[in-house]
>>> print(open('work-v6.tsv').read())   # TSV, C-alpha atoms
chain	number	residue	atom	x	y	z
H	1	MET	CA	66.19	-68.45	1.65
H	2	LYS	CA	62.62	-69.66	1.94
H	3	ASN	CA	62.18	-67.21	4.81
H	4	ILE	CA	62.94	-64.16	2.65
H	5	LYS	CA	59.36	-64.02	1.44
H	6	PHE	CA	58.21	-63.55	5.02
H	7	VAL	CA	60.46	-60.50	5.32
H	8	VAL	CA	58.73	-59.10	2.23
H	9	TYR	CA	55.26	-59.82	3.66
H	10	GLY	CA	56.36	-58.18	6.90
H	11	ILE	CA	57.56	-55.08	5.03
H	12	VAL	CA	54.20	-54.72	3.31
H	13	PHE	CA	52.41	-55.26	6.61
H	14	GLY	CA	54.59	-52.67	8.35
H	15	ILE	CA	53.82	-50.16	5.60
H	16	ILE	CA	50.08	-50.76	5.92
H	17	LEU	CA	50.14	-50.41	9.72
H	18	THR	CA	52.03	-47.14	9.38
H	19	LYS	CA	50.03	-45.64	6.49
H	20	ALA	CA	46.68	-46.48	8.10
H	21	GLU	CA	47.83	-44.91	11.39
H	22	VAL	CA	47.13	-48.16	13.24
H	23	ILE	CA	50.41	-47.60	15.08
H	24	SER	CA	49.26	-44.25	16.43
H	25	TRP	CA	48.61	-44.11	20.18
H	26	PHE	CA	46.03	-41.43	19.37
H	27	ARG	CA	44.05	-43.74	17.07
H	28	ILE	CA	43.89	-46.40	19.79
H	29	GLN	CA	42.67	-43.82	22.31
H	30	GLU	CA	40.06	-42.68	19.79
H	31	MET	CA	38.94	-46.29	19.42
H	32	PHE	CA	38.60	-46.95	23.15
H	33	ARG	CA	36.63	-43.71	23.47
H	34	PHE	CA	34.30	-44.66	20.58
H	35	GLN	CA	35.04	-41.36	18.87
H	36	SER	CA	35.92	-42.58	15.40
H	37	PHE	CA	35.02	-45.44	13.11
H	38	HIS	CA	38.57	-45.72	11.74
H	39	MET	CA	39.94	-48.62	13.84
H	40	TYR	CA	36.60	-50.47	13.90
H	41	GLY	CA	36.45	-50.18	10.12
H	42	ILE	CA	39.96	-51.60	9.80
H	43	ILE	CA	39.50	-54.53	12.15
H	44	GLY	CA	35.95	-55.23	10.91
H	45	SER	CA	36.78	-55.21	7.21
H	46	ALA	CA	39.96	-57.24	7.85
H	47	VAL	CA	37.86	-59.93	9.57
H	48	ILE	CA	35.27	-59.94	6.78
H	49	VAL	CA	37.98	-60.35	4.12
H	50	GLY	CA	39.82	-62.94	6.24
H	51	ALA	CA	36.67	-64.95	6.93
H	52	ALA	CA	35.53	-64.86	3.29
H	53	SER	CA	39.01	-65.98	2.21
H	54	ILE	CA	39.06	-68.89	4.63
H	55	MET	CA	35.59	-69.98	3.51
H	56	LEU	CA	36.73	-69.85	-0.11
H	57	VAL	CA	39.95	-71.75	0.60
H	58	LYS	CA	37.92	-74.46	2.39
H	59	LYS	CA	35.24	-74.59	-0.29
H	60	LEU	CA	37.75	-74.92	-3.13
H	61	LYS	CA	39.84	-77.31	-1.00
H	62	LEU	CA	42.94	-75.31	-1.88
H	63	LYS	CA	46.36	-76.60	-0.92
H	64	SER	CA	49.34	-74.50	0.05
H	65	VAL	CA	51.84	-73.71	-2.72
H	66	ASN	CA	53.98	-76.59	-1.43
H	67	GLY	CA	51.07	-78.95	-2.01
H	68	GLU	CA	50.39	-79.45	1.71
H	69	ASP	CA	46.96	-79.49	3.31
H	70	ILE	CA	46.34	-76.10	4.82
H	71	ILE	CA	46.25	-75.93	8.61
H	72	PHE	CA	43.62	-73.41	9.72
H	73	PRO	CA	44.02	-71.29	12.84
H	74	THR	CA	42.32	-72.97	15.80
H	75	LYS	CA	42.36	-71.44	19.25
H	76	PRO	CA	41.35	-73.57	22.24
H	77	TYR	CA	39.36	-71.82	24.96
H	78	ASN	CA	40.53	-71.54	28.56
H	79	LYS	CA	40.32	-69.03	31.40
H	80	GLY	CA	43.71	-67.60	30.44
H	81	ILE	CA	42.08	-66.10	27.37
H	82	LEU	CA	39.92	-63.89	29.59
H	83	ILE	CA	42.51	-62.97	32.21
H	84	GLY	CA	45.43	-62.59	29.82
H	85	GLY	CA	43.19	-60.86	27.30
H	86	ALA	CA	42.16	-58.21	29.81
H	87	MET	CA	45.80	-57.73	30.87
H	88	PHE	CA	46.77	-57.20	27.25
H	89	GLY	CA	43.88	-54.74	26.88
H	90	LEU	CA	45.24	-52.66	29.77
H	91	GLY	CA	48.65	-52.63	28.11
H	92	TRP	CA	47.18	-51.90	24.68
H	93	ALA	CA	45.48	-48.74	25.96
H	94	LEU	CA	48.68	-47.65	27.74
H	95	THR	CA	51.18	-48.22	24.95
H	96	GLY	CA	48.71	-47.73	22.11
H	97	ALA	CA	50.35	-50.74	20.50
H	98	CYS	CA	49.72	-54.42	20.07
H	99	PRO	CA	52.76	-56.57	19.25
H	100	GLY	CA	52.74	-55.89	15.47
H	101	PRO	CA	52.66	-52.11	15.85
H	102	ILE	CA	55.44	-52.24	18.49
H	103	PHE	CA	57.78	-53.43	15.72
H	104	ALA	CA	56.43	-50.91	13.21
H	105	ILE	CA	56.76	-48.04	15.71
H	106	ILE	CA	60.42	-48.90	16.23
H	107	GLY	CA	60.87	-48.85	12.44
H	108	ASN	CA	59.20	-45.43	12.37
H	109	GLY	CA	62.08	-44.14	14.43
H	110	TYR	CA	60.55	-43.95	17.92
H	111	SER	CA	63.64	-45.51	19.43
H	112	VAL	CA	62.27	-45.41	22.96
H	113	PHE	CA	59.85	-48.17	21.94
H	114	VAL	CA	62.80	-50.56	22.07
H	115	VAL	CA	62.30	-50.31	25.83
H	116	THR	CA	58.64	-51.23	25.42
H	117	LEU	CA	59.62	-54.21	23.27
H	118	ILE	CA	62.18	-55.36	25.85
H	119	PHE	CA	59.54	-55.23	28.57
H	120	ALA	CA	57.04	-57.02	26.34
H	121	LEU	CA	59.65	-59.77	25.96
H	122	LEU	CA	60.19	-59.77	29.70
H	123	GLY	CA	56.41	-60.05	30.14
H	124	ALA	CA	56.25	-63.03	27.77
H	125	TRP	CA	59.20	-64.59	29.60
H	126	THR	CA	57.60	-64.05	33.01
H	127	TYR	CA	54.43	-65.70	31.73
H	128	GLY	CA	56.53	-68.70	30.68
H	129	LEU	CA	58.10	-68.82	34.13
H	130	LEU	CA	54.79	-68.64	36.03
H	131	ARG	CA	52.65	-70.55	33.57
H	132	ASP	CA	52.14	-73.72	35.63
H	133	ARG	CA	51.00	-71.69	38.62
H	134	LEU	CA	48.49	-69.51	36.76
H	135	PRO	CA	44.80	-70.42	36.28
H	136	HIS	CA	44.05	-71.59	32.75
D	1	MET	CA	49.08	-42.39	-7.31
D	2	ILE	CA	51.96	-40.62	-5.59
D	3	ASP	CA	49.44	-38.52	-3.68
D	4	PHE	CA	47.62	-41.64	-2.57
D	5	LEU	CA	50.84	-43.21	-1.32
D	6	LYS	CA	51.73	-40.09	0.66
D	7	GLU	CA	48.34	-39.50	2.23
D	8	PRO	CA	47.07	-41.56	5.16
D	9	TRP	CA	45.19	-44.63	3.94
D	10	PRO	CA	41.49	-44.87	4.79
D	11	TRP	CA	40.14	-47.85	6.70
D	12	TYR	CA	38.48	-49.38	3.64
D	13	VAL	CA	41.86	-49.69	1.95
D	14	ALA	CA	43.92	-50.80	4.94
D	15	GLY	CA	41.39	-53.18	6.52
D	16	PRO	CA	40.82	-55.44	3.49
D	17	LEU	CA	44.58	-55.44	2.77
D	18	ILE	CA	45.27	-56.61	6.33
D	19	GLY	CA	42.55	-59.27	5.98
D	20	LEU	CA	44.30	-60.60	2.87
D	21	PHE	CA	47.29	-61.56	5.01
D	22	VAL	CA	45.21	-64.43	6.39
D	23	PRO	CA	44.93	-66.29	3.04
D	24	LEU	CA	48.34	-65.00	1.88
D	25	LEU	CA	50.14	-66.67	4.78
D	26	LEU	CA	47.95	-69.79	4.61
D	27	ILE	CA	48.45	-70.36	0.90
D	28	PHE	CA	52.03	-69.22	0.43
D	29	GLY	CA	53.45	-70.39	3.72
D	30	ASN	CA	50.83	-72.63	5.37
D	31	LYS	CA	51.25	-70.34	8.38
D	32	ASN	CA	48.68	-68.85	10.70
D	33	PHE	CA	48.75	-65.08	10.84
D	34	GLY	CA	49.82	-64.01	14.32
D	35	ILE	CA	52.49	-61.81	15.77
D	36	SER	CA	52.67	-62.17	19.55
D	37	SER	CA	54.14	-65.68	19.23
D	38	SER	CA	57.30	-63.94	17.98
D	39	LEU	CA	57.78	-62.75	21.58
D	40	ARG	CA	57.79	-66.37	22.74
D	41	HIS	CA	60.22	-67.41	20.02
D	42	ILE	CA	62.65	-64.62	20.92
D	43	CYS	CA	62.54	-65.71	24.59
D	44	ALA	CA	63.07	-69.34	23.57
D	45	MET	CA	66.02	-68.27	21.43
D	46	CYS	CA	67.69	-65.87	23.89
D	47	MET	CA	66.92	-67.03	27.41
D	48	PRO	CA	65.04	-70.32	27.66
D	49	MET	CA	66.47	-70.98	31.18
D	50	LYS	CA	65.06	-74.52	31.20
D	51	ILE	CA	61.50	-73.18	31.39
D	52	ASN	CA	59.02	-75.68	29.94
D	53	TYR	CA	57.14	-73.04	27.95
D	54	PHE	CA	60.34	-72.30	26.03
D	55	LYS	CA	61.30	-75.92	25.39
D	56	TYR	CA	60.18	-76.43	21.82
D	57	ASP	CA	61.69	-76.20	18.40
D	58	TRP	CA	61.55	-72.42	17.88
D	59	LYS	CA	63.66	-72.81	14.75
D	60	SER	CA	60.68	-74.36	12.99
D	61	GLU	CA	58.83	-71.08	13.67
D	62	LYS	CA	61.62	-68.87	12.40
D	63	TRP	CA	59.40	-67.44	9.67
D	64	ASN	CA	57.65	-65.40	12.36
D	65	LEU	CA	60.91	-63.67	13.30
D	66	PHE	CA	61.61	-62.84	9.66
D	67	TYR	CA	58.09	-61.46	9.45
D	68	VAL	CA	58.48	-59.10	12.42
D	69	ALA	CA	61.90	-57.99	11.13
D	70	GLY	CA	60.06	-57.08	7.93
D	71	ILE	CA	57.53	-55.05	9.93
D	72	VAL	CA	60.36	-52.94	11.37
D	73	ILE	CA	61.73	-52.33	7.86
D	74	GLY	CA	58.24	-51.56	6.54
D	75	GLY	CA	57.74	-48.99	9.30
D	76	PHE	CA	61.06	-47.42	8.40
D	77	LEU	CA	60.30	-47.27	4.67
D	78	ALA	CA	56.81	-45.87	5.15
D	79	SER	CA	57.96	-43.17	7.55
D	80	HIS	CA	60.87	-42.09	5.34
D	81	PHE	CA	59.42	-42.28	1.86
D	82	MET	CA	55.65	-42.36	2.09
D	83	MET	CA	54.69	-39.66	4.56
D	84	GLU	CA	54.11	-35.94	4.44
D	85	THR	CA	53.31	-35.07	8.03
D	86	GLY	CA	52.92	-37.43	10.93
D	87	LYS	CA	49.95	-35.53	12.24
D	88	VAL	CA	46.86	-37.69	12.75
D	89	ASP	CA	43.48	-36.29	11.73
D	90	LEU	CA	41.81	-37.14	15.03
D	91	SER	CA	38.24	-36.58	16.08
D	92	ILE	CA	37.89	-33.21	17.82
D	93	GLN	CA	36.38	-34.96	20.79
D	94	THR	CA	39.49	-37.11	21.26
D	95	VAL	CA	41.77	-34.09	21.07
D	96	GLU	CA	39.63	-32.36	23.70
D	97	ASP	CA	39.54	-35.36	26.02
D	98	LEU	CA	43.28	-35.96	25.79
D	99	SER	CA	44.07	-32.26	26.21
D	100	LEU	CA	42.01	-32.29	29.41
D	101	LEU	CA	44.15	-35.19	30.62
D	102	GLY	CA	47.28	-33.16	29.95
D	103	VAL	CA	48.48	-34.33	26.53
D	104	GLU	CA	50.00	-31.36	24.68
D	105	ASP	CA	51.96	-32.79	21.77
D	106	PHE	CA	49.66	-33.80	18.91
D	107	SER	CA	52.26	-33.25	16.20
D	108	SER	CA	53.02	-36.89	15.33
D	109	TYR	CA	51.74	-40.46	15.69
D	110	LEU	CA	52.71	-40.67	19.35
D	111	PRO	CA	52.49	-37.92	21.98
D	112	GLY	CA	56.05	-36.81	22.70
D	113	ASP	CA	55.02	-35.84	26.23
D	114	ILE	CA	54.44	-39.52	27.03
D	115	PHE	CA	56.73	-41.50	24.71
D	116	SER	CA	60.27	-40.16	24.77
D	117	TRP	CA	63.58	-40.97	26.41
D	118	ASP	CA	63.23	-37.88	28.59
D	119	VAL	CA	59.96	-39.12	30.08
D	120	LEU	CA	61.04	-42.76	30.40
D	121	LEU	CA	62.41	-42.48	33.91
D	122	SER	CA	59.51	-40.45	35.29
D	123	PRO	CA	56.59	-42.31	36.93
D	124	ARG	CA	54.43	-41.51	33.90
D	125	GLY	CA	56.98	-42.85	31.42
D	126	PHE	CA	57.49	-45.96	33.51
D	127	ILE	CA	53.78	-46.74	33.55
D	128	PHE	CA	53.17	-46.13	29.84
D	129	MET	CA	56.30	-47.65	28.32
D	130	VAL	CA	57.59	-50.17	30.85
D	131	LEU	CA	54.47	-51.44	32.63
D	132	GLY	CA	52.49	-51.13	29.38
D	133	GLY	CA	55.02	-53.19	27.46
D	134	PHE	CA	55.12	-55.82	30.19
D	135	LEU	CA	51.31	-56.16	30.16
D	136	VAL	CA	51.29	-56.49	26.37
D	137	GLY	CA	53.86	-59.31	26.46
D	138	PHE	CA	52.47	-61.14	29.49
D	139	GLY	CA	48.83	-60.69	28.47
D	140	THR	CA	49.15	-61.76	24.85
D	141	ARG	CA	51.02	-64.93	25.80
D	142	TYR	CA	48.60	-65.72	28.63
D	143	ALA	CA	45.71	-65.19	26.18
D	144	ASN	CA	47.57	-67.21	23.52
D	145	GLY	CA	47.32	-64.46	20.92
D	146	CYS	CA	46.95	-60.76	20.21
D	147	THR	CA	44.95	-58.58	17.86
D	148	SER	CA	46.37	-60.37	14.82
D	149	GLY	CA	46.24	-63.96	16.08
D	150	HIS	CA	42.83	-63.71	17.77
D	151	SER	CA	40.93	-60.68	16.49
D	152	ILE	CA	41.85	-61.17	12.84
D	153	SER	CA	43.11	-64.70	12.22
D	154	GLY	CA	41.07	-66.52	14.88
D	155	LEU	CA	37.86	-64.59	14.27
D	156	SER	CA	38.25	-65.21	10.52
D	157	ASN	CA	38.13	-68.93	11.28
D	158	LEU	CA	35.14	-68.37	13.61
D	159	GLN	CA	36.93	-69.46	16.77
D	160	PHE	CA	34.90	-68.92	19.94
D	161	ALA	CA	38.07	-68.44	22.01
D	162	SER	CA	39.10	-65.60	19.71
D	163	LEU	CA	35.78	-63.85	20.21
D	164	ALA	CA	36.19	-64.20	23.98
D	165	ALA	CA	39.76	-62.89	23.66
D	166	THR	CA	38.70	-59.88	21.57
D	167	VAL	CA	35.99	-58.96	24.09
D	168	SER	CA	38.57	-59.26	26.92
D	169	PHE	CA	41.05	-57.06	25.04
D	170	PHE	CA	38.34	-54.39	24.91
D	171	VAL	CA	37.33	-54.81	28.54
D	172	GLY	CA	40.93	-54.20	29.57
D	173	GLY	CA	41.33	-51.29	27.15
D	174	LEU	CA	38.12	-49.60	28.26
D	175	ILE	CA	38.99	-49.95	31.96
D	176	MET	CA	42.40	-48.41	31.32
D	177	THR	CA	41.10	-45.60	29.12
D	178	HIS	CA	38.09	-44.56	31.16
D	179	PHE	CA	39.02	-45.38	34.75
D	180	LEU	CA	42.79	-45.68	35.14
D	181	LEU	CA	44.25	-43.13	32.71
D	182	PRO	CA	42.66	-40.17	34.54
D	183	LEU	CA	44.40	-41.40	37.72
D	184	ILE	CA	47.80	-41.78	36.03
D	185	PHE	CA	47.97	-38.32	34.48
>>> encode(input="work-v6.tsv", output="structure tokens")
Amino acid sequence: MKNIKFVVYGIVFGIILTKAEVISWFRIQEMFRFQSFHMYGIIGSAVIVGAASIMLVKKLKLKSVNGEDIIFPTKPYNKGILIGGAMFGLGWALTGACPGPIFAIIGNGYSVFVVTLIFALLGAWTYGLLRDRLPH
Amino acid sequence: MIDFLKEPWPWYVAGPLIGLFVPLLLIFGNKNFGISSSLRHICAMCMPMKINYFKYDWKSEKWNLFYVAGIVIGGFLASHFMMETGKVDLSIQTVEDLSLLGVEDFSSYLPGDIFSWDVLLSPRGFIFMVLGGFLVGFGTRYANGCTSGHSISGLSNLQFASLAATVSFFVGGLIMTHFLLPLIF
């Protein structure tokens, strides 16, 4: 039951992605061609709000609603970030979708994106298989 | 209000709302906002095949799967009850550039001449939907995060790795858009 709230958050997130046209292949093309401020405005203002929120949470030493200490997102650096990041970028420009929008696009009724999701899963699986042999 | 719900939302509404998911998930779930890890969890759940990367307690990360299931439902609800047309008000320049490449269908969020079952088995469909999907899955796991985990969550916590990741995402996207797409079409 405690997971139901995450379904609700996901629903709201899926609505936002759809209503703001973030899931549109055209909007992603427009972004990579620097022809509109739309996507930059979304990502930029999201980061500003996210960063301000994290600063505030740290400053006020807030706990989670369960009373636990909050664990902040930390991301260690390695070469995989650069190589994998560029690979994702290639795929992002092709599909016009990062992982979140893939799910929202399927919900929007573009059933063929189930194929894209399956191959994204296969990609993640192949990474798991080859991980020890890849530079990190 | 109804009009606002039906019209496309501007960036200054959507962006801050998306940013609020960072504290929302931290405070109400003690979870870090990120979506591509769901791909790993689904692999760990469905076909772990004794691969080390999939040997972990994915059940403790189940929230992420509920979250992406919600995203599918949200997409469904928005497209059925909160939309008038699916046409995107693109920059004229983008429409011109894409038309020159050969895109003809601008009537909805995705060009039907690239993303449809009919095109799937053609070389073009294979590259966009199959190869593209594979690169998204492989790349986001190799980079340990996607737009949400790195570019929003990680950058919000001022992580250097997330800045490097975001720059790499763009390098890949720019190479594809400006150098490879003209070759594919």
>>> residues_around(input="work-v6.tsv", residues="segment 70-79 of chain H", least_positions_apart="2", cutoff="6 Å", atoms="all atoms listed in the file", output="ChimeraX atom specification")
/H:63-64,81-82,136 /D:30,32,154,161
>>> write_last_selection(input="work-v6.tsv", atoms="C-alpha atoms", output="PDB file, keeping the file's coordinate frame")
ATOM      1  CA  LYS H  63      46.360 -76.600  -0.920  1.00  0.00           C
ATOM      2  CA  SER H  64      49.340 -74.500   0.050  1.00  0.00           C
ATOM      3  CA  ILE H  81      42.080 -66.100  27.370  1.00  0.00           C
ATOM      4  CA  LEU H  82      39.920 -63.890  29.590  1.00  0.00           C
ATOM      5  CA  HIS H 136      44.050 -71.590  32.750  1.00  0.00           C
TER       6      HIS H 136
ATOM      7  CA  ASN D  30      50.830 -72.630   5.370  1.00  0.00           C
ATOM      8  CA  ASN D  32      48.680 -68.850  10.700  1.00  0.00           C
ATOM      9  CA  GLY D 154      41.070 -66.520  14.880  1.00  0.00           C
ATOM     10  CA  ALA D 161      38.070 -68.440  22.010  1.00  0.00           C
TER      11      ALA D 161
END
>>> residues_around(input="work-v6.tsv", residues="segment 17-20 of chain H", least_positions_apart="3", cutoff="8 Å", atoms="only C-alpha atoms", output="JSON, numbers by chain")
{"H": [13, 14, 23, 101, 104, 105, 108], "D": [7, 8, 9, 10, 11, 14, 75, 78, 79, 82, 83]}
>>> closest_residue(input="work-v6.tsv", among="D:Ser156, D:Met176, D:Glu96, D:Ala165", to="Leu20 of chain D", atoms="only C-alpha atoms")
D:Ser156
>>> atom_distance(input="work-v6.tsv", atom1="atom CA of Val115 of chain H", atom2="atom CA of Gly133 of chain D")
8.0 Å
>>> atom_distance(input="work-v6.tsv", atom1="atom CA of Val130 of chain D", atom2="atom CA of Thr116 of chain H")
5.6 Å
>>> residues_around(input="work-v6.tsv", residues="segment 120-126 of chain H", least_positions_apart="5", cutoff="8 Å", atoms="all atoms listed in the file", output="PDB file with C-alpha atoms, keeping the file's coordinate frame")
ATOM      1  CA  LEU D  39      57.780 -62.750  21.580  1.00  0.00           C
ATOM      2  CA  ARG D  40      57.790 -66.370  22.740  1.00  0.00           C
ATOM      3  CA  ILE D  42      62.650 -64.620  20.920  1.00  0.00           C
ATOM      4  CA  CYS D  43      62.540 -65.710  24.590  1.00  0.00           C
ATOM      5  CA  GLY D 133      55.020 -53.190  27.460  1.00  0.00           C
ATOM      6  CA  PHE D 134      55.120 -55.820  30.190  1.00  0.00           C
ATOM      7  CA  LEU D 135      51.310 -56.160  30.160  1.00  0.00           C
ATOM      8  CA  VAL D 136      51.290 -56.490  26.370  1.00  0.00           C
ATOM      9  CA  GLY D 137      53.860 -59.310  26.460  1.00  0.00           C
ATOM     10  CA  PHE D 138      52.470 -61.140  29.490  1.00  0.00           C
ATOM     11  CA  GLY D 139      48.830 -60.690  28.470  1.00  0.00           C
ATOM     12  CA  THR D 140      49.150 -61.760  24.850  1.00  0.00           C
ATOM     13  CA  ARG D 141      51.020 -64.930  25.800  1.00  0.00           C
TER      14      ARG D 141
END
>>> atom_distance(input="work-v6.tsv", atom1="atom CA of Glu68 of chain H", atom2="atom CA of Leu24 of chain D")
14.6 Å
>>> residues_around(input="work-v6.tsv", residues="Phe128 of chain D", least_positions_apart="6", cutoff="8 Å", atoms="all atoms listed in the file", output="list in words")
Leu94 and Thr95 of chain H; Ile114 and Phe115 of chain D
>>> closest_residue(input="work-v6.tsv", among="D:Thr85, D:Ser107, D:Ser99, D:Thr147", to="chain H", atoms="all atoms listed in the file")
D:Thr147
